[in-house]
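Colleague: My structure file model27.cif, mmCIF, C-alpha atoms (C1' of nucleotides), is below:
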```cif
data_my_file
#
loop_
_atom_site.group_PDB
_atom_site.id
_atom_site.type_symbol
_atom_site.label_atom_id
_atom_site.label_comp_id
_atom_site.auth_asym_id
_atom_site.auth_seq_id
_atom_site.Cartn_x
_atom_site.Cartn_y
_atom_site.Cartn_z
ATOM 1 C CA MET K 550 22.029 4.232 -50.173
ATOM 2 C CA LYS K 551 19.159 5.067 -47.859
ATOM 3 C CA VAL K 552 18.324 8.733 -47.198
ATOM 4 C CA ALA K 553 15.700 9.992 -44.743
ATOM 5 C CA THR K 554 14.326 13.285 -43.439
ATOM 6 C CA TRP K 555 12.500 13.818 -40.145
ATOM 7 C CA ASN K 556 11.174 16.854 -38.338
ATOM 8 C CA VAL K 557 11.667 15.622 -34.767
ATOM 9 C CA ASN K 558 10.089 18.566 -32.868
ATOM 10 C CA SER K 559 12.978 18.909 -30.377
ATOM 11 C CA ILE K 560 15.961 16.567 -30.524
ATOM 12 C CA ARG K 561 16.244 16.591 -26.730
ATOM 13 C CA ALA K 562 12.628 15.492 -26.286
ATOM 14 C CA ARG K 563 13.012 12.913 -29.092
ATOM 15 C CA ARG K 564 16.599 11.767 -28.490
ATOM 16 C CA GLU K 565 15.825 8.173 -27.499
ATOM 17 C CA ARG K 566 13.242 7.795 -30.264
ATOM 18 C CA VAL K 567 15.662 9.030 -32.927
ATOM 19 C CA LEU K 568 18.496 6.834 -31.628
ATOM 20 C CA ALA K 569 16.231 3.777 -31.652
ATOM 21 C CA TRP K 570 14.990 4.618 -35.151
ATOM 22 C CA LEU K 571 18.553 4.946 -36.454
ATOM 23 C CA ALA K 572 19.589 1.630 -34.924
ATOM 24 C CA ALA K 573 16.558 -0.141 -36.391
ATOM 25 C CA ASN K 574 16.569 1.468 -39.851
ATOM 26 C CA GLU K 575 20.266 2.198 -40.465
ATOM 27 C CA PRO K 576 19.880 4.975 -43.029
ATOM 28 C CA ASP K 577 23.080 6.297 -44.583
ATOM 29 C CA VAL K 578 21.829 9.854 -44.209
ATOM 30 C CA LEU K 579 19.214 11.379 -41.900
ATOM 31 C CA CYS K 580 18.260 15.038 -42.248
ATOM 32 C CA LEU K 581 16.722 16.481 -39.077
ATOM 33 C CA GLN K 582 14.637 19.601 -38.534
ATOM 34 C CA GLU K 583 13.282 21.477 -35.523
ATOM 35 C CA LEU K 584 16.106 20.560 -33.174
ATOM 36 C CA LYS K 585 15.092 23.454 -30.862
ATOM 37 C CA THR K 586 18.608 23.156 -29.486
ATOM 38 C CA GLU K 587 21.941 24.875 -29.792
ATOM 39 C CA GLU K 588 24.777 22.851 -31.271
ATOM 40 C CA ALA K 589 26.432 22.615 -27.824
ATOM 41 C CA ASP K 590 23.411 20.693 -26.508
ATOM 42 C CA PHE K 591 23.049 18.433 -29.553
ATOM 43 C CA PRO K 592 23.626 14.793 -28.480
ATOM 44 C CA GLY K 593 26.364 14.276 -31.049
ATOM 45 C CA GLU K 594 28.335 11.729 -29.033
ATOM 46 C CA GLU K 595 25.372 9.391 -28.807
ATOM 47 C CA PHE K 596 24.913 9.497 -32.564
ATOM 48 C CA ARG K 597 28.643 8.989 -33.036
ATOM 49 C CA ALA K 598 28.408 5.863 -30.903
ATOM 50 C CA LEU K 599 25.907 4.544 -33.451
ATOM 51 C CA GLY K 600 28.324 5.355 -36.260
ATOM 52 C CA TYR K 601 26.921 8.712 -37.382
ATOM 53 C CA GLU K 602 28.758 11.973 -37.935
ATOM 54 C CA ALA K 603 26.701 15.156 -37.520
ATOM 55 C CA ALA K 604 26.632 18.574 -39.176
ATOM 56 C CA VAL K 605 24.528 20.832 -36.981
ATOM 57 C CA CYS K 606 23.092 24.304 -37.406
ATOM 58 C CA GLY K 607 21.403 24.826 -34.071
ATOM 59 C CA GLN K 608 19.379 27.465 -32.261
ATOM 60 C CA ARG K 609 17.840 27.748 -28.818
ATOM 61 C CA THR K 610 14.062 27.080 -28.525
ATOM 62 C CA TYR K 611 13.214 27.317 -32.217
ATOM 63 C CA ASN K 612 14.293 25.858 -35.558
ATOM 64 C CA GLY K 613 17.626 24.072 -35.853
ATOM 65 C CA VAL K 614 18.653 21.561 -38.539
ATOM 66 C CA ALA K 615 21.215 18.785 -38.841
ATOM 67 C CA ILE K 616 22.588 16.113 -41.145
ATOM 68 C CA LEU K 617 23.563 12.740 -39.726
ATOM 69 C CA ALA K 618 25.588 10.434 -41.942
ATOM 70 C CA ARG K 619 27.600 7.271 -41.830
ATOM 71 C CA GLY K 620 30.950 8.202 -43.208
ATOM 72 C CA ALA K 621 32.763 11.495 -43.295
ATOM 73 C CA LEU K 622 31.105 14.885 -43.762
ATOM 74 C CA ARG K 623 32.924 17.580 -45.655
ATOM 75 C CA ASP K 624 32.374 21.221 -46.621
ATOM 76 C CA VAL K 625 29.720 21.940 -43.995
ATOM 77 C CA GLU K 626 27.780 25.162 -44.673
ATOM 78 C CA ARG K 627 25.378 26.728 -42.196
ATOM 79 C CA GLY K 628 22.779 29.080 -43.643
ATOM 80 C CA PHE K 629 22.739 30.458 -47.167
ATOM 81 C CA GLY K 630 25.755 32.719 -46.743
ATOM 82 C CA ASP K 631 23.854 35.412 -48.608
ATOM 83 C CA GLY K 632 24.680 38.216 -46.223
ATOM 84 C CA THR K 633 21.165 38.675 -44.885
ATOM 85 C CA ASP K 634 22.284 38.086 -41.270
ATOM 86 C CA ASP K 635 19.248 35.884 -40.629
ATOM 87 C CA PRO K 636 19.421 34.486 -37.060
ATOM 88 C CA GLN K 637 16.999 31.622 -37.782
ATOM 89 C CA ALA K 638 18.808 28.257 -38.106
ATOM 90 C CA ARG K 639 16.998 26.635 -41.013
ATOM 91 C CA PHE K 640 19.591 25.358 -43.488
ATOM 92 C CA VAL K 641 22.698 23.197 -43.316
ATOM 93 C CA ALA K 642 24.608 21.493 -46.131
ATOM 94 C CA ALA K 643 27.388 18.926 -46.159
ATOM 95 C CA THR K 644 29.036 16.553 -48.589
ATOM 96 C CA VAL K 645 28.595 12.937 -47.518
ATOM 97 C CA MET K 646 31.529 10.834 -48.611
ATOM 98 C CA ALA K 647 30.834 7.367 -49.974
ATOM 99 C CA ALA K 648 27.355 7.117 -48.516
ATOM 100 C CA GLY K 649 25.834 3.764 -49.311
ATOM 101 C CA THR K 650 28.981 2.041 -50.472
ATOM 102 C CA ALA K 651 29.018 -0.324 -47.508
ATOM 103 C CA GLY K 652 27.321 -1.084 -44.250
ATOM 104 C CA ALA K 653 23.865 -1.865 -45.563
ATOM 105 C CA PRO K 654 21.652 -3.765 -43.109
ATOM 106 C CA GLY K 655 22.750 -7.373 -42.886
ATOM 107 C CA THR K 656 26.251 -6.870 -44.155
ATOM 108 C CA GLY K 657 27.712 -6.807 -40.680
ATOM 109 C CA VAL K 658 29.824 -3.814 -41.554
ATOM 110 C CA ALA K 659 27.822 -1.560 -39.268
ATOM 111 C CA GLY K 660 28.426 -3.770 -36.246
ATOM 112 C CA ALA K 661 26.069 -5.533 -33.883
ATOM 113 C CA PRO K 662 23.077 -3.652 -32.462
ATOM 114 C CA GLY K 663 24.178 -1.444 -29.601
ATOM 115 C CA GLU K 664 27.824 -1.908 -30.379
ATOM 116 C CA ALA K 665 29.828 1.297 -30.431
ATOM 117 C CA ARG K 666 31.548 1.812 -33.744
ATOM 118 C CA ALA K 667 33.541 4.435 -35.500
ATOM 119 C CA PRO K 668 32.421 6.040 -38.763
ATOM 120 C CA ARG K 669 33.228 3.529 -41.435
ATOM 121 C CA ALA K 670 35.881 4.052 -44.025
ATOM 122 C CA VAL K 671 35.078 5.413 -47.454
ATOM 123 C CA GLY K 672 34.381 2.912 -50.215
ATOM 124 C CA ALA K 673 35.008 3.108 -53.927
ATOM 125 C CA PRO K 674 37.605 5.748 -54.859
ATOM 126 C CA GLY K 675 35.429 7.435 -57.464
ATOM 127 C CA GLU K 676 32.479 7.617 -55.125
ATOM 128 C CA ALA K 677 34.583 8.918 -52.282
ATOM 129 C CA ALA K 678 36.065 11.664 -54.411
ATOM 130 C CA ARG K 679 32.664 12.824 -55.596
ATOM 131 C CA GLY K 680 30.431 12.368 -52.582
ATOM 132 C CA VAL K 681 26.775 13.310 -52.343
ATOM 133 C CA ARG K 682 25.873 16.903 -51.524
ATOM 134 C CA VAL K 683 23.130 16.869 -48.880
ATOM 135 C CA MET K 684 21.072 19.833 -47.673
ATOM 136 C CA SER K 685 18.685 19.772 -44.692
ATOM 137 C CA ALA K 686 16.090 22.554 -44.812
ATOM 138 C CA TYR K 687 13.380 23.789 -42.484
ATOM 139 C CA VAL K 688 11.148 26.155 -44.421
ATOM 140 C CA PRO K 689 9.317 28.646 -42.184
ATOM 141 C CA ASN K 690 5.791 27.727 -41.157
ATOM 142 C CA GLY K 691 4.250 31.009 -42.266
ATOM 143 C CA GLU K 692 1.633 31.178 -39.499
ATOM 144 C CA ALA K 693 -1.202 32.510 -41.673
ATOM 145 C CA VAL K 694 -1.565 33.654 -45.271
ATOM 146 C CA GLY K 695 -0.837 37.369 -45.484
ATOM 147 C CA SER K 696 0.942 37.598 -42.116
ATOM 148 C CA GLU K 697 4.424 38.987 -41.570
ATOM 149 C CA LYS K 698 5.698 35.442 -41.051
ATOM 150 C CA PHE K 699 4.067 34.397 -44.309
ATOM 151 C CA ALA K 700 6.024 37.091 -46.160
ATOM 152 C CA TYR K 701 9.194 35.838 -44.439
ATOM 153 C CA LYS K 702 8.374 32.299 -45.575
ATOM 154 C CA LEU K 703 8.034 33.326 -49.224
ATOM 155 C CA ALA K 704 11.190 35.455 -49.041
ATOM 156 C CA TRP K 705 13.074 32.561 -47.442
ATOM 157 C CA CYS K 706 12.021 30.285 -50.300
ATOM 158 C CA GLU K 707 13.312 32.863 -52.793
ATOM 159 C CA ARG K 708 16.628 32.947 -50.942
ATOM 160 C CA LEU K 709 16.747 29.141 -51.129
ATOM 161 C CA VAL K 710 16.175 29.241 -54.889
ATOM 162 C CA ALA K 711 18.930 31.842 -55.303
ATOM 163 C CA HIS K 712 21.269 29.681 -53.206
ATOM 164 C CA LEU K 713 20.515 26.565 -55.245
ATOM 165 C CA ARG K 714 21.123 28.388 -58.509
ATOM 166 C CA ALA K 715 24.299 30.152 -57.452
ATOM 167 C CA ARG K 716 25.993 27.732 -55.109
ATOM 168 C CA VAL K 717 24.843 24.169 -55.751
ATOM 169 C CA ASP K 718 26.021 21.853 -58.520
ATOM 170 C CA LEU K 719 22.804 20.181 -59.633
ATOM 171 C CA ARG K 720 24.658 18.155 -62.273
ATOM 172 C CA GLY K 721 26.118 15.999 -59.532
ATOM 173 C CA GLU K 722 24.385 13.842 -56.940
ATOM 174 C CA THR K 723 22.473 16.236 -54.731
ATOM 175 C CA VAL K 724 19.761 15.865 -52.078
ATOM 176 C CA LEU K 725 17.615 18.691 -50.694
ATOM 177 C CA ALA K 726 15.484 17.202 -47.936
ATOM 178 C CA GLY K 727 13.454 18.626 -45.117
ATOM 179 C CA ASP K 728 10.257 20.134 -43.825
ATOM 180 C CA PHE K 729 9.049 22.458 -46.595
ATOM 181 C CA ASN K 730 5.794 23.343 -44.877
ATOM 182 C CA VAL K 731 4.044 23.175 -48.250
ATOM 183 C CA ALA K 732 1.677 20.534 -49.589
ATOM 184 C CA PRO K 733 2.305 20.738 -53.343
ATOM 185 C CA ALA K 734 -0.918 19.258 -54.745
ATOM 186 C CA PRO K 735 -4.440 18.101 -53.811
ATOM 187 C CA ILE K 736 -3.260 14.514 -53.368
ATOM 188 C CA ASP K 737 -0.954 15.759 -50.623
ATOM 189 C CA VAL K 738 -3.851 17.019 -48.466
ATOM 190 C CA HIS K 739 -6.463 14.911 -46.646
ATOM 191 C CA ASP K 740 -9.161 17.508 -47.386
ATOM 192 C CA PRO K 741 -7.919 19.830 -50.133
ATOM 193 C CA ALA K 742 -11.177 21.773 -50.351
ATOM 194 C CA ALA K 743 -11.037 22.660 -46.667
ATOM 195 C CA TRP K 744 -7.321 23.492 -46.781
ATOM 196 C CA GLU K 745 -7.349 25.523 -50.004
ATOM 197 C CA GLY K 746 -5.998 29.006 -49.397
ATOM 198 C CA HIS K 747 -4.832 28.268 -45.863
ATOM 199 C CA VAL K 748 -1.211 28.309 -44.776
ATOM 200 C CA LEU K 749 0.646 25.181 -46.014
ATOM 201 C CA TYR K 750 -1.712 24.878 -48.974
ATOM 202 C CA SER K 751 -2.074 28.286 -50.619
ATOM 203 C CA GLU K 752 -1.412 29.244 -54.218
ATOM 204 C CA ALA K 753 1.593 31.386 -53.224
ATOM 205 C CA GLU K 754 3.201 28.538 -51.281
ATOM 206 C CA ARG K 755 2.583 26.014 -54.037
ATOM 207 C CA ALA K 756 4.235 28.427 -56.468
ATOM 208 C CA ALA K 757 7.188 28.839 -54.096
ATOM 209 C CA PHE K 758 7.611 25.061 -53.883
ATOM 210 C CA ALA K 759 7.354 24.745 -57.669
ATOM 211 C CA ALA K 760 10.107 27.348 -58.020
ATOM 212 C CA ILE K 761 12.376 25.337 -55.710
ATOM 213 C CA VAL K 762 11.795 22.123 -57.663
ATOM 214 C CA GLY K 763 12.105 24.170 -60.856
ATOM 215 C CA VAL K 764 15.804 24.816 -60.378
ATOM 216 C CA GLY K 765 16.269 21.257 -61.644
ATOM 217 C CA LEU K 766 15.270 18.877 -58.874
ATOM 218 C CA VAL K 767 12.908 15.916 -58.741
ATOM 219 C CA ASP K 768 10.236 15.343 -56.066
ATOM 220 C CA ILE K 769 11.323 11.738 -55.893
ATOM 221 C CA VAL K 770 8.775 10.532 -53.337
ATOM 222 C CA ARG K 771 5.912 11.626 -55.568
ATOM 223 C CA ARG K 772 7.593 10.323 -58.735
ATOM 224 C CA LEU K 773 7.959 6.872 -57.195
ATOM 225 C CA ASN K 774 4.455 6.964 -55.677
ATOM 226 C CA PRO K 775 2.208 8.702 -58.236
ATOM 227 C CA THR K 776 -1.128 7.898 -56.609
ATOM 228 C CA ALA K 777 -0.589 7.391 -52.848
ATOM 229 C CA PRO K 778 -1.014 10.367 -50.478
ATOM 230 C CA MET K 779 2.305 9.864 -48.637
ATOM 231 C CA PHE K 780 1.345 12.124 -45.724
ATOM 232 C CA SER K 781 4.267 13.064 -43.477
ATOM 233 C CA TRP K 782 2.558 15.232 -40.839
ATOM 234 C CA TRP K 783 -0.575 14.869 -38.725
ATOM 235 C CA ASP K 784 -1.880 17.361 -36.176
ATOM 236 C CA TYR K 785 -1.457 16.224 -32.561
ATOM 237 C CA ARG K 786 -5.100 17.152 -31.964
ATOM 238 C CA MET K 787 -8.469 15.860 -33.032
ATOM 239 C CA LEU K 788 -7.227 12.273 -33.485
ATOM 240 C CA ALA K 789 -5.753 13.401 -36.777
ATOM 241 C CA PHE K 790 -3.223 10.566 -36.984
ATOM 242 C CA PRO K 791 -5.557 7.595 -36.368
ATOM 243 C CA LYS K 792 -8.004 9.183 -38.794
ATOM 244 C CA ASN K 793 -5.135 9.765 -41.242
ATOM 245 C CA ARG K 794 -5.995 13.448 -41.638
ATOM 246 C CA GLY K 795 -2.523 14.430 -42.717
ATOM 247 C CA LEU K 796 -0.475 16.494 -45.128
ATOM 248 C CA ARG K 797 2.580 15.722 -47.235
ATOM 249 C CA ILE K 798 4.844 18.628 -46.300
ATOM 250 C CA ASP K 799 8.204 16.880 -45.774
ATOM 251 C CA HIS K 800 10.003 16.288 -49.024
ATOM 252 C CA VAL K 801 13.093 14.732 -50.574
ATOM 253 C CA LEU K 802 14.205 16.553 -53.718
ATOM 254 C CA VAL K 803 17.075 15.095 -55.702
ATOM 255 C CA SER K 804 19.146 15.984 -58.736
ATOM 256 C CA PRO K 805 18.488 14.037 -61.971
ATOM 257 C CA ALA K 806 21.659 11.970 -61.515
ATOM 258 C CA LEU K 807 20.365 10.709 -58.200
ATOM 259 C CA ALA K 808 16.767 10.374 -59.371
ATOM 260 C CA ALA K 809 18.014 7.881 -61.927
ATOM 261 C CA ARG K 810 19.220 5.652 -59.079
ATOM 262 C CA ALA K 811 16.113 5.952 -56.874
ATOM 263 C CA GLN K 812 14.362 2.668 -56.226
ATOM 264 C CA SER K 813 11.701 3.188 -53.561
ATOM 265 C CA ALA K 814 10.297 5.762 -51.180
ATOM 266 C CA TYR K 815 8.023 5.503 -48.170
ATOM 267 C CA VAL K 816 6.825 7.215 -45.003
ATOM 268 C CA ASP K 817 7.581 5.359 -41.784
ATOM 269 C CA ARG K 818 4.205 5.734 -40.070
ATOM 270 C CA ALA K 819 5.333 3.464 -37.213
ATOM 271 C CA ALA K 820 7.649 6.247 -36.020
ATOM 272 C CA ARG K 821 4.587 8.490 -35.512
ATOM 273 C CA LYS K 822 3.033 5.996 -33.090
ATOM 274 C CA GLY K 823 3.504 5.375 -29.373
ATOM 275 C CA LYS K 824 4.085 7.778 -26.525
ATOM 276 C CA LEU K 825 5.330 11.298 -27.239
ATOM 277 C CA PRO K 826 5.934 11.070 -30.971
ATOM 278 C CA SER K 827 6.918 13.969 -33.183
ATOM 279 C CA ASP K 828 3.960 15.192 -35.211
ATOM 280 C CA HIS K 829 6.004 14.333 -38.330
ATOM 281 C CA ALA K 830 7.045 10.887 -39.555
ATOM 282 C CA PRO K 831 10.329 10.096 -41.311
ATOM 283 C CA VAL K 832 10.321 10.104 -45.112
ATOM 284 C CA VAL K 833 12.727 7.529 -46.550
ATOM 285 C CA VAL K 834 14.188 7.074 -50.046
ATOM 286 C CA GLU K 835 16.330 4.160 -51.143
ATOM 287 C CA PHE K 836 18.799 4.378 -54.032
ATOM 288 C CA ALA K 837 20.626 1.724 -55.976
ATOM 289 C CA GLU K 838 24.366 1.591 -55.630
ATOM 290 C CA SER K 839 26.182 3.637 -58.232
ATOM 291 C CA ALA K 840 27.612 1.830 -61.266
ATOM 292 C CA ALA K 841 31.140 2.294 -59.959
ATOM 293 C CA VAL K 842 30.239 0.665 -56.673
ATOM 294 C CA ARG K 843 28.300 -2.154 -58.314
ATOM 295 C CA ALA K 844 31.356 -2.850 -60.412
ATOM 296 C CA GLY K 845 33.406 -3.157 -57.246
ATOM 297 C CA GLY K 846 35.045 0.272 -57.438
ATOM 298 C "C1'" DA I 886 -14.928 31.006 -35.813
ATOM 299 C "C1'" DT I 887 -12.705 28.212 -32.092
ATOM 300 C "C1'" DG I 888 -10.083 24.685 -29.873
ATOM 301 C "C1'" DG I 889 -8.162 20.595 -29.621
ATOM 302 C "C1'" DC I 890 -1.798 18.815 -28.556
ATOM 303 C "C1'" DA I 891 3.113 19.394 -27.588
ATOM 304 C "C1'" DA I 892 7.739 21.723 -26.461
ATOM 305 C "C1'" DT I 893 10.049 25.562 -24.692
ATOM 306 C "C1'" DG I 894 11.159 29.494 -21.856
ATOM 307 C "C1'" DT I 895 9.181 34.073 -20.835
ATOM 308 C "C1'" DT I 896 7.108 28.799 -16.370
ATOM 309 C "C1'" DT I 897 1.602 28.073 -13.044
ATOM 310 C "C1'" DC I 898 0.967 31.137 -18.645
ATOM 311 C "C1'" DA I 899 2.628 32.893 -23.475
ATOM 312 C "C1'" DT I 900 4.528 31.726 -27.782
ATOM 313 C "C1'" DT I 901 5.037 28.857 -31.672
ATOM 314 C "C1'" DG I 902 4.080 25.261 -34.532
ATOM 315 C "C1'" DA I 903 1.098 23.277 -38.767
#
```
Any chance you could give the structure as structure tokens?
Modeller:
Amino acid sequence: MKVATWNVNSIRARRERVLAWLAANEPDVLCLQELKTEEADFPGEEFRALGYEAAVCGQRTYNGVAILARGALRDVERGFGDGTDDPQARFVAATVMAAGTAGAPGTGVAGAPGEARAPRAVGAPGEAARGVRVMSAYVPNGEAVGSEKFAYKLAWCERLVAHLRARVDLRGETVLAGDFNVAPAPIDVHDPAAWEGHVLYSEAERAAFAAIVGVGLVDIVRRLNPTAPMFSWWDYRMLAFPKNRGLRIDHVLVSPALAARAQSAYVDRAARKGKLPSDHAPVVVEFAESAAVRAGG
DNA sequence: ATGGCAATGTTTCATTGA
């Protein structure tokens, strides 16, 4: 199973780039952030033609998140459902059925490049019954430390923690992926001394991120890559990308059951290149097939 | 301390992002 997350900075502006990336990389799950689009304008049919179902929590102009997956999506939840009446579209969850049980690149199950295909059937019975719970999150930017938006960011993270504790089964196979807008440690910042105390790399934000992980999740990209920076975002300005002045702010957090199956993780820097890229690159994690699937169901 | 780049709607500039 291959799972990815990508802040695309407008799905309408990045539609062709995302479609091409899906066709070339064939992840089982892709979490998207910053759609900047209502669900009605989300290009769902084009993703369906590539074999992906979509769960979308959209919004005009700002925010917006989605989950794309090969195979059926069940129990879609938009927002935290915590009664705060928050209009910002920053969280969507869905259960992906039998992700990764078939259709890996080269198997031919997914069809020839460019060939329209329906979502593939579920695989092993045990896997299909259980599924993988996937959450796509777009943590607020926070604008500046001490600002009103910064307070909203910290409060939003507390709401996320409450949601994870109350509503998510972390004993199962669970993925929380997205743009967290927090660099957790010095290794995640190109110049930690310069960034210290600024938004994205302040003590309060690092504590908020630690609290999210602390519910019982694993920062699997860092666990699999203990010494590499793994930057996922570079400023559009100042030649930040060619100079590799980046931050690791997009994360894939997984439950222990899934962490045990994780094999590799990487940032696809190639997707940040070329004309009109997003300022974020996709973060990808690959998992071994579950024991039930390896055994043939 | 500032601006630099990009997308969007409020469109010939302001807002937001990170």
Colleague: With all atoms listed in the file as the basis for distance, which of K:Thr776, K:Ser685, K:Asn793, K:Ser827 is at the shortest distance from chain I?
Modeller: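 That would be K:Ser827, the residue with the smallest distance to chain I.
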Colleague: List every residue of chain K that has an atom at most 6 Å from any atom of chain I, and for each one report the closest atom pair and its distance in Å to one decimal, counting all atoms listed in the file, with rows sorted by chain and then by increasing residue number, as CSV.
Modeller:
```
residue,atom,partner,partner_atom,distance
K:Thr610,CA,I:DT893,C1',5.8
K:Tyr785,CA,I:DC890,C1',4.8
K:Arg786,CA,I:DC890,C1',5.0
K:Met787,CA,I:DG889,C1',5.8
```
Colleague: Residues of the last selection are to be written out with C-alpha atoms, as a tab-separated table (two decimals), keeping the file's coordinate frame.
Modeller:
```tsv
chain	number	residue	atom	x	y	z
K	610	THR	CA	14.06	27.08	-28.52
K	785	TYR	CA	-1.46	16.22	-32.56
K	786	ARG	CA	-5.10	17.15	-31.96
K	787	MET	CA	-8.47	15.86	-33.03
```
Colleague: Quick one: apply the PyMOL selection byres ((chain K and resi 749) around 7) to the file and drop the selected residues here as a PyMOL selection string.
Modeller: chain K and resi 730-732+747-748+750-751+754
Colleague: Could you state which residues are captured by the PyMOL selection byres ((chain K and resi 585) around 8) in this file, as a list in words?
Modeller: Asn558, Ser559, Ile560, Glu583, Leu584, Thr586, Glu587, Gly607, Gln608, Arg609, Thr610, Tyr611, Asn612 and Gly613 of chain K
Colleague: Between atom CA of K:Ala589 and atom CA of K:Val614, measure the distance and give it in Å to one decimal.
Modeller: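 If I compute the distance from atom CA of K:Ala589 to atom CA of K:Val614, I get 13.3 Å.
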Colleague: Could you check the closest approach to K:Val738 for each of K:Ile798, K:His712, K:Asp768, K:Ala686 and tell me which residue wins, using all atoms listed in the file?
Modeller: K:Ile798
Colleague: Using atom CA of K:Leu825 and atom CA of K:Arg627 as the two end points, give the distance in Å to one decimal.
Modeller: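 The value is 29.4 Å.
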Colleague: Considering all atoms listed in the file, state which residue in the set K:Val694, K:Leu579, K:Ala819, K:Leu599 is at the smallest distance from K:Ala618.
Modeller: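 Checking each of K:Val694, K:Leu579, K:Ala819, K:Leu599 against K:Ala618, counting all atoms listed in the file, the winner is K:Leu579.
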Colleague: Run the PyMOL selection byres ((chain K and resi 596) around 10) against the file shown and list the residues it catches, as a PDB file with C-alpha atoms, in the coordinates of the input.
Modeller:
```pdb
ATOM      1  CA  ARG K 564      16.599  11.767 -28.490  1.00  0.00           C
ATOM      2  CA  VAL K 567      15.662   9.030 -32.927  1.00  0.00           C
ATOM      3  CA  LEU K 568      18.496   6.834 -31.628  1.00  0.00           C
ATOM      4  CA  LEU K 571      18.553   4.946 -36.454  1.00  0.00           C
ATOM      5  CA  ALA K 572      19.589   1.630 -34.924  1.00  0.00           C
ATOM      6  CA  PHE K 591      23.049  18.433 -29.553  1.00  0.00           C
ATOM      7  CA  PRO K 592      23.626  14.793 -28.480  1.00  0.00           C
ATOM      8  CA  GLY K 593      26.364  14.276 -31.049  1.00  0.00           C
ATOM      9  CA  GLU K 594      28.335  11.729 -29.033  1.00  0.00           C
ATOM     10  CA  GLU K 595      25.372   9.391 -28.807  1.00  0.00           C
ATOM     11  CA  ARG K 597      28.643   8.989 -33.036  1.00  0.00           C
ATOM     12  CA  ALA K 598      28.408   5.863 -30.903  1.00  0.00           C
ATOM     13  CA  LEU K 599      25.907   4.544 -33.451  1.00  0.00           C
ATOM     14  CA  GLY K 600      28.324   5.355 -36.260  1.00  0.00           C
ATOM     15  CA  TYR K 601      26.921   8.712 -37.382  1.00  0.00           C
ATOM     16  CA  GLU K 602      28.758  11.973 -37.935  1.00  0.00           C
ATOM     17  CA  ALA K 603      26.701  15.156 -37.520  1.00  0.00           C
ATOM     18  CA  LEU K 617      23.563  12.740 -39.726  1.00  0.00           C
ATOM     19  CA  ALA K 618      25.588  10.434 -41.942  1.00  0.00           C
ATOM     20  CA  ARG K 619      27.600   7.271 -41.830  1.00  0.00           C
ATOM     21  CA  ALA K 665      29.828   1.297 -30.431  1.00  0.00           C
TER      22      ALA K 665
END
```
Colleague: Rounded to one decimal place, report the atom CA of K:Glu838-atom CA of K:Ala809 distance in Å.
Modeller: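 Going from atom CA of K:Glu838 over to atom CA of K:Ala809 covers 10.9 Å.
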Colleague: Excluding same-chain residues fewer than 5 positions from stretch 621-625 of chain K, what lies within 7 Å of it counting all atoms listed in the file, as a PyMOL selection string?
Modeller: chain K and resi 602+604+642-646
Colleague: Using all atoms listed in the file, pick whichever of K:Ala760, K:Ala777, K:Ile769, K:Ala693 has the shortest atom-to-atom distance to K:His800.
Modeller: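 Selected residue with least distance to K:His800: K:Ile769.
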